[in-house]
Amino acid sequence: MNTSTLTRAAVLDREHASETSVPNKDLILQVKDLDIYYGEKRAVNTISMDIEKNSITALIGPSGCGKSTFLRSINRMNDLIPGARAKGEILYEGLNILGDNIDVVALRKEIGMVFQKPNPFPKSIYENIAHALKFAGIKNKSELEVLVEESLTKAALWDEVKDRLHKSALSLSGGQQQRLCIARTIAMKPSLMLLDEPSSALDPISNAKVEELIVELKKEYSILIVTHNMGQASRISDKTAFFLSGDLIEFDATEKIFTNPSVKKTEEYISGRFG
Amino acid sequence: MEKSSLPVRERLIKSNKTRLNGEVRGRVLVTLCAIIMISATIAITIFLSTKGLQSFIKNGVSPIEFLTSTNWNPTDPENPMYGALPFIFGSFAVTMLAALVAAPLGIGGAIFMTEIAPSWGKKILQPVIELLVGIPSVVYGFIGLTVLVPFIREHVGGLGFSLLSGTIVLAIMILPTVTTIATDAMATLPKSLREGSYALGATRWQTIRKVLVPAALPSLLTAVVLGMARAFGEALAVQMVIGNTRIIPESIIDPAGTLTTIITLNMGHTTYGSIENNTLWSMGLILLVMSFAFILLIRYLSSRRKI
Amino acid sequence: MNSRVADRIATSVFVAIAIVIVSVLVGLFSYILFNGVSHISLDFLTNPSSNVRAGGGIRDQLFNSFYILFITMIITVPLGVGGGIYMAEYAKPGRVTNTIRTCIEVLASLPSIVIGMFGLLMFVNLTGWGYSILGGALALTVFNLPVMVRVSEDALRSVPRDQKEASLALGITHWHTIKTILLPTAFPSILTGAILASGRVFGEAAALLFTSGLSTPRLDYANWNPFIENSPLNIFRPAETLAVHIWSVNTQGLVPDVEDIANGASAVLILSVLIFNLGARIIGGLIHRKFTASK
């Protein structure tokens, strides 16, 4: 059952669908008829959607409806789960990234992910960010320092940690750790950021800070955020997708979803009748 | 790390480039380790089997005589006899008896830790068990030799070097194994079993006897079998106290011999390649086969637990 | 019989069993330490052993025990950690992995005398080395490998999964993640496991009887060149270890002060194993505290 609402650009794109087509310059991601299976069980049912550049798209829906599964397929993190496989296409800048010929390691540099529970490495704050940079080939110490400061500044964390860069990251509060994880991801200069319930494990004040940060980040990055918190979705996102039991029920401008949804089930979820 | 202006195809499609090398190198290294383990196991099995069968194939010793005759006299110039039954019997006997002693002690200790004194029992017995494990087998043998053997000689009878000494030494040695696994078995029983039984008004002993032990039985049996496997293969400690004879003992205070003890004693004294030496390797083969048999038995018991 | 009475009797039986177990341990330890510690003197530790006269020491045997342990660990730890990495990170569920697990199980349950016999076949006769430290170390490797693999695998598996995911999501390769994130975190557990395993290896004798042998050539402790025959570091020479010495002294029975020597040697053995166990615990606790203290 696919009753997603498509934008006009996406409709046009679909008609010209092929791997060698000229990618629509406004879209960073195009999902076409994506199915995701865990073994025999289908977790995501033939969904299609288009994500515009520099937008924040929220994925909402009750637990277990497939939002996180969908998110993790975009940066191929599902590869880690034995028995997980995907059918269909996910076009990133026109290239289907579900193919076997894709260098997944390079992909993950361009599509970053922040997880629900903050997971900084048990290293210093500086090392947390420098670690991946060093692996990517940046060995020059002064270059690293500049990049670390830049990322921490963008993540609104620099002022709080600039005097203790070499202390352990585990000494930070939960909210700070999550912003560190965001800084870590930003340092790789991705185009697309996948946030999997980034503030659900945080207290309300840290939550607010992280939300503020995400809205700021929109200027430079495209963002997909899975959230349980409908208030959060309505506050910060441009478009919202409502998932239920692996289906994409409705995908439209956030304002429309929250004030005048087209599908009855969406309306029921929004008004808290289930979920 | 600026995103290059290269088209997406060039950035993200796999090439023969460098990154794979580090990845491949690491993978090859650890796979090699895994292969070494498989090779070692296969090598051991093949080498020991081949060498163990030499006495039958090359020297013409009859397997039937080997396994069933009680007459062990390989150095008789006229009529050498290669009946290994006394040692086979000794191994089995000392193993069974040791299990008989260690099982109630080990299971009892486990029950003490999980049922009788669940809050502090483990804190005392667990370190004790760990320390017992740490004592090397030669030390067990030595203490058995200097303390147990004279004691049995004075207070029970016989020479002191006996099946009984071997049993006691082995029982103490396998006690930690049996206790540890039995404790795990009892501890992983669902709480609801206990609660249900007590709710019906049963006493603790009734609960243990009628509900808990039957439920944990396959795992408890596994614990005992694991202890037996260890006992069957123990060499030096047993050798120091059991007397090392070549006949089947008539009573528990008679000295005996096991497969491991005769190998230990005679391997160094016989010429490599001689018939007598080859028969020792055949006994080693029996030990190897019994190891496999114990593993199969334990797997069978573990599979029954799932019911 | 009244069920209450039965319950009380049963309880006392279980308590008695616990008491028996504790007394056995206390008895054993007291016997060894009591009788043995008095024989441990600097002389005892630094004098060479004697085959026929009283007053022999355990100098060479003590050195051999440590040296063989050292060589064994050099071989076992990399192999074991590599195997553990494979099992934890690369092995896919299936027949091959099951085969490897079975092999580990088989190696772990082989009696040490059987391992010694294999060592005799392979590392003494086939290679032509005769009794040697290397042969003994290789036999002990077979003995020790399953433990190290299991310790490493468990340690790696207990690293929280989100650490691994964080690293991979940043575009770091699997192997680099293992090297720089997983292994460092798993290191304390692996180290603790290795030290505990060392305790077991130190006390092992049956596997060494036919591989490193029952004798030691006259050693020249001034000569540290491993390629010279008399050097203590030469790994191709026979070497009787402490545990083997206890056995041979009791079985060959020529020295008049057998009991004294064996007592002293046993005490040294037990104390060493104790130190290994304690050391493992302390180091494990220290490193753990260092990790979490930076919170």
# chains A, B, ... in the order shown; residues from 1 in each chain; ligands from 1

call {"tool": "interface_residues", "arguments": {"of": "chain C", "to": "chain B", "cutoff": "6 Å", "atoms": "only C-alpha atoms", "output": "list of chain:residue names"}}
result
C:Asp7, C:Phe14, C:Ala18, C:Leu79, C:Gly82, C:Gly83, C:Tyr86, C:Cys103, C:Pro111, C:Trp175, C:Gly203

call {"tool": "write_last_selection", "arguments": {"atoms": "N, CA and C atoms", "output": "mmCIF file, in the first residue's frame"}}
result
data_model
loop_
_atom_site.group_PDB
_atom_site.id
_atom_site.type_symbol
_atom_site.label_atom_id
_atom_site.label_comp_id
_atom_site.auth_asym_id
_atom_site.auth_seq_id
_atom_site.Cartn_x
_atom_site.Cartn_y
_atom_site.Cartn_z
ATOM 1 N N ASP C 7 14.059 -31.514 56.064
ATOM 2 C CA ASP C 7 14.642 -30.271 55.568
ATOM 3 C C ASP C 7 15.847 -29.862 56.401
ATOM 4 N N PHE C 14 24.217 -30.197 53.515
ATOM 5 C CA PHE C 14 24.809 -29.269 52.555
ATOM 6 C C PHE C 14 25.864 -28.396 53.199
ATOM 7 N N ALA C 18 29.859 -28.084 52.265
ATOM 8 C CA ALA C 18 30.605 -26.842 52.059
ATOM 9 C C ALA C 18 31.821 -26.805 52.974
ATOM 10 N N LEU C 79 48.557 -15.836 18.339
ATOM 11 C CA LEU C 79 47.688 -16.804 17.686
ATOM 12 C C LEU C 79 46.297 -16.788 18.295
ATOM 13 N N GLY C 82 44.474 -13.540 17.486
ATOM 14 C CA GLY C 82 44.064 -13.580 16.091
ATOM 15 C C GLY C 82 42.862 -14.481 15.885
ATOM 16 N N GLY C 83 42.918 -15.677 16.510
ATOM 17 C CA GLY C 83 41.781 -16.578 16.410
ATOM 18 C C GLY C 83 40.535 -15.980 17.023
ATOM 19 N N TYR C 86 39.071 -13.476 14.721
ATOM 20 C CA TYR C 86 38.352 -14.136 13.638
ATOM 21 C C TYR C 86 36.973 -14.586 14.101
ATOM 22 N N CYS C 103 36.862 -27.808 16.713
ATOM 23 C CA CYS C 103 38.312 -27.987 16.863
ATOM 24 C C CYS C 103 38.783 -27.398 18.177
ATOM 25 N N PRO C 111 43.653 -34.684 26.952
ATOM 26 C CA PRO C 111 44.458 -34.809 28.165
ATOM 27 C C PRO C 111 45.872 -34.317 27.876
ATOM 28 N N TRP C 175 38.811 -3.513 9.711
ATOM 29 C CA TRP C 175 40.061 -3.923 10.348
ATOM 30 C C TRP C 175 40.639 -2.801 11.211
ATOM 31 N N GLY C 203 52.221 -24.512 35.861
ATOM 32 C CA GLY C 203 52.154 -25.717 36.674
ATOM 33 C C GLY C 203 52.034 -26.997 35.875
#

call {"tool": "interface_residues", "arguments": {"of": "chain C", "to": "chain A", "cutoff": "7 Å", "atoms": "only C-alpha atoms", "output": "MDAnalysis selection string"}}
result
chainID C and resid 162:163 166 169:173 294:295

call {"tool": "write_last_selection", "arguments": {"atoms": "N, CA and C atoms", "output": "CSV table (one decimal), in the first residue's frame"}}
result
chain,number,residue,atom,x,y,z
C,162,ASP,N,27.8,-0.3,20.2
C,162,ASP,CA,27.7,1.0,19.6
C,162,ASP,C,29.1,1.7,19.4
C,163,GLN,N,30.1,1.1,20.0
C,163,GLN,CA,31.4,1.6,19.7
C,163,GLN,C,31.8,1.3,18.3
C,166,ALA,N,29.8,3.3,15.8
C,166,ALA,CA,30.2,4.7,15.7
C,166,ALA,C,31.4,4.8,14.8
C,169,ALA,N,30.5,4.0,11.1
C,169,ALA,CA,29.6,5.0,10.5
C,169,ALA,C,30.4,6.3,10.2
C,170,LEU,N,31.7,6.4,10.7
C,170,LEU,CA,32.5,7.5,10.3
C,170,LEU,C,33.4,7.2,9.1
C,171,GLY,N,33.2,6.0,8.5
C,171,GLY,CA,33.9,5.7,7.3
C,171,GLY,C,35.3,5.1,7.6
C,172,ILE,N,35.4,4.4,8.8
C,172,ILE,CA,36.6,3.7,9.1
C,172,ILE,C,36.4,2.2,8.8
C,173,THR,N,37.4,1.6,8.2
C,173,THR,CA,37.3,0.2,7.8
C,173,THR,C,37.2,-0.7,9.0
C,294,SER,N,38.2,8.1,34.5
C,294,SER,CA,38.2,9.4,33.7
C,294,SER,C,36.8,9.9,33.5
C,295,LYS,N,35.8,9.2,34.1
C,295,LYS,CA,34.4,9.7,33.9
C,295,LYS,C,34.2,11.0,34.6

call {"tool": "select_by_dssp", "arguments": {"residues": "range 3-251 of chain B", "states": "helix (DSSP H, G or I)", "output": "ChimeraX atom specification"}}
result
/B:8-12,19-57,63-68,85-116,121-134,137-155,163-187,191-199,204-233,236-241

call {"tool": "interface_residues", "arguments": {"of": "chain B", "to": "chain A", "cutoff": "6 Å", "atoms": "only C-alpha atoms", "output": "list in words"}}
result
Leu12, Ile13 and Lys14 of chain B

call {"tool": "write_last_selection", "arguments": {"atoms": "C-alpha atoms", "output": "PDB file, in the first residue's frame"}}
result
ATOM      1  CA  LEU B  12      31.907   5.858  -4.326  1.00  0.00           C
ATOM      2  CA  ILE B  13      32.482   2.941  -6.644  1.00  0.00           C
ATOM      3  CA  LYS B  14      34.983   0.344  -5.491  1.00  0.00           C
TER       4      LYS B  14
END

call {"tool": "residues_around", "arguments": {"residues": "Thr75 in chain B", "least_positions_apart": "2", "cutoff": "12 Å", "atoms": "only C-alpha atoms", "output": "PyMOL selection string"}}
result
chain B and resi 71-73+77-82+266+269-270+274-277

call {"tool": "residues_around", "arguments": {"residues": "Leu191 in chain C", "least_positions_apart": "6", "cutoff": "10 Å", "atoms": "only C-alpha atoms", "output": "ChimeraX atom specification"}}
result
/C:77,148,151-152,155,197,280,283-284,287

call {"tool": "write_last_selection", "arguments": {"atoms": "N, CA and C atoms", "output": "PDB file, in the first residue's frame"}}
result
ATOM      1  N   VAL C  77      49.820 -16.061  22.508  1.00  0.00           N
ATOM      2  CA  VAL C  77      48.988 -14.858  22.594  1.00  0.00           C
ATOM      3  C   VAL C  77      48.635 -14.306  21.216  1.00  0.00           C
ATOM      4  N   MET C 148      43.115 -19.082  25.188  1.00  0.00           N
ATOM      5  CA  MET C 148      43.374 -17.714  24.714  1.00  0.00           C
ATOM      6  C   MET C 148      42.352 -17.300  23.671  1.00  0.00           C
ATOM      7  N   VAL C 151      39.133 -16.516  25.549  1.00  0.00           N
ATOM      8  CA  VAL C 151      39.259 -15.265  26.299  1.00  0.00           C
ATOM      9  C   VAL C 151      39.179 -14.070  25.358  1.00  0.00           C
ATOM     10  N   SER C 152      39.928 -14.147  24.238  1.00  0.00           N
ATOM     11  CA  SER C 152      39.931 -13.018  23.308  1.00  0.00           C
ATOM     12  C   SER C 152      38.557 -12.834  22.688  1.00  0.00           C
ATOM     13  N   ALA C 155      36.239 -11.305  25.179  1.00  0.00           N
ATOM     14  CA  ALA C 155      36.578  -9.909  25.454  1.00  0.00           C
ATOM     15  C   ALA C 155      36.122  -9.005  24.320  1.00  0.00           C
ATOM     16  N   ALA C 197      45.965 -17.681  32.389  1.00  0.00           N
ATOM     17  CA  ALA C 197      46.412 -18.847  31.628  1.00  0.00           C
ATOM     18  C   ALA C 197      47.865 -19.167  31.942  1.00  0.00           C
ATOM     19  N   ALA C 280      46.739 -11.033  38.055  1.00  0.00           N
ATOM     20  CA  ALA C 280      45.696 -10.862  37.048  1.00  0.00           C
ATOM     21  C   ALA C 280      44.567 -10.028  37.608  1.00  0.00           C
ATOM     22  N   ILE C 283      45.798  -6.278  38.200  1.00  0.00           N
ATOM     23  CA  ILE C 283      45.977  -5.529  36.958  1.00  0.00           C
ATOM     24  C   ILE C 283      44.638  -5.277  36.292  1.00  0.00           C
ATOM     25  N   GLY C 284      43.788  -6.313  36.283  1.00  0.00           N
ATOM     26  CA  GLY C 284      42.475  -6.118  35.692  1.00  0.00           C
ATOM     27  C   GLY C 284      41.720  -4.998  36.379  1.00  0.00           C
ATOM     28  N   ILE C 287      43.400  -1.431  35.519  1.00  0.00           N
ATOM     29  CA  ILE C 287      43.101  -0.926  34.181  1.00  0.00           C
ATOM     30  C   ILE C 287      41.637  -0.535  34.086  1.00  0.00           C
TER      31      ILE C 287
END

call {"tool": "atom_distance", "arguments": {"atom1": "CA of Ile60 in chain A", "atom2": "CA of Glu220 in chain A"}}
result
23.3 Å
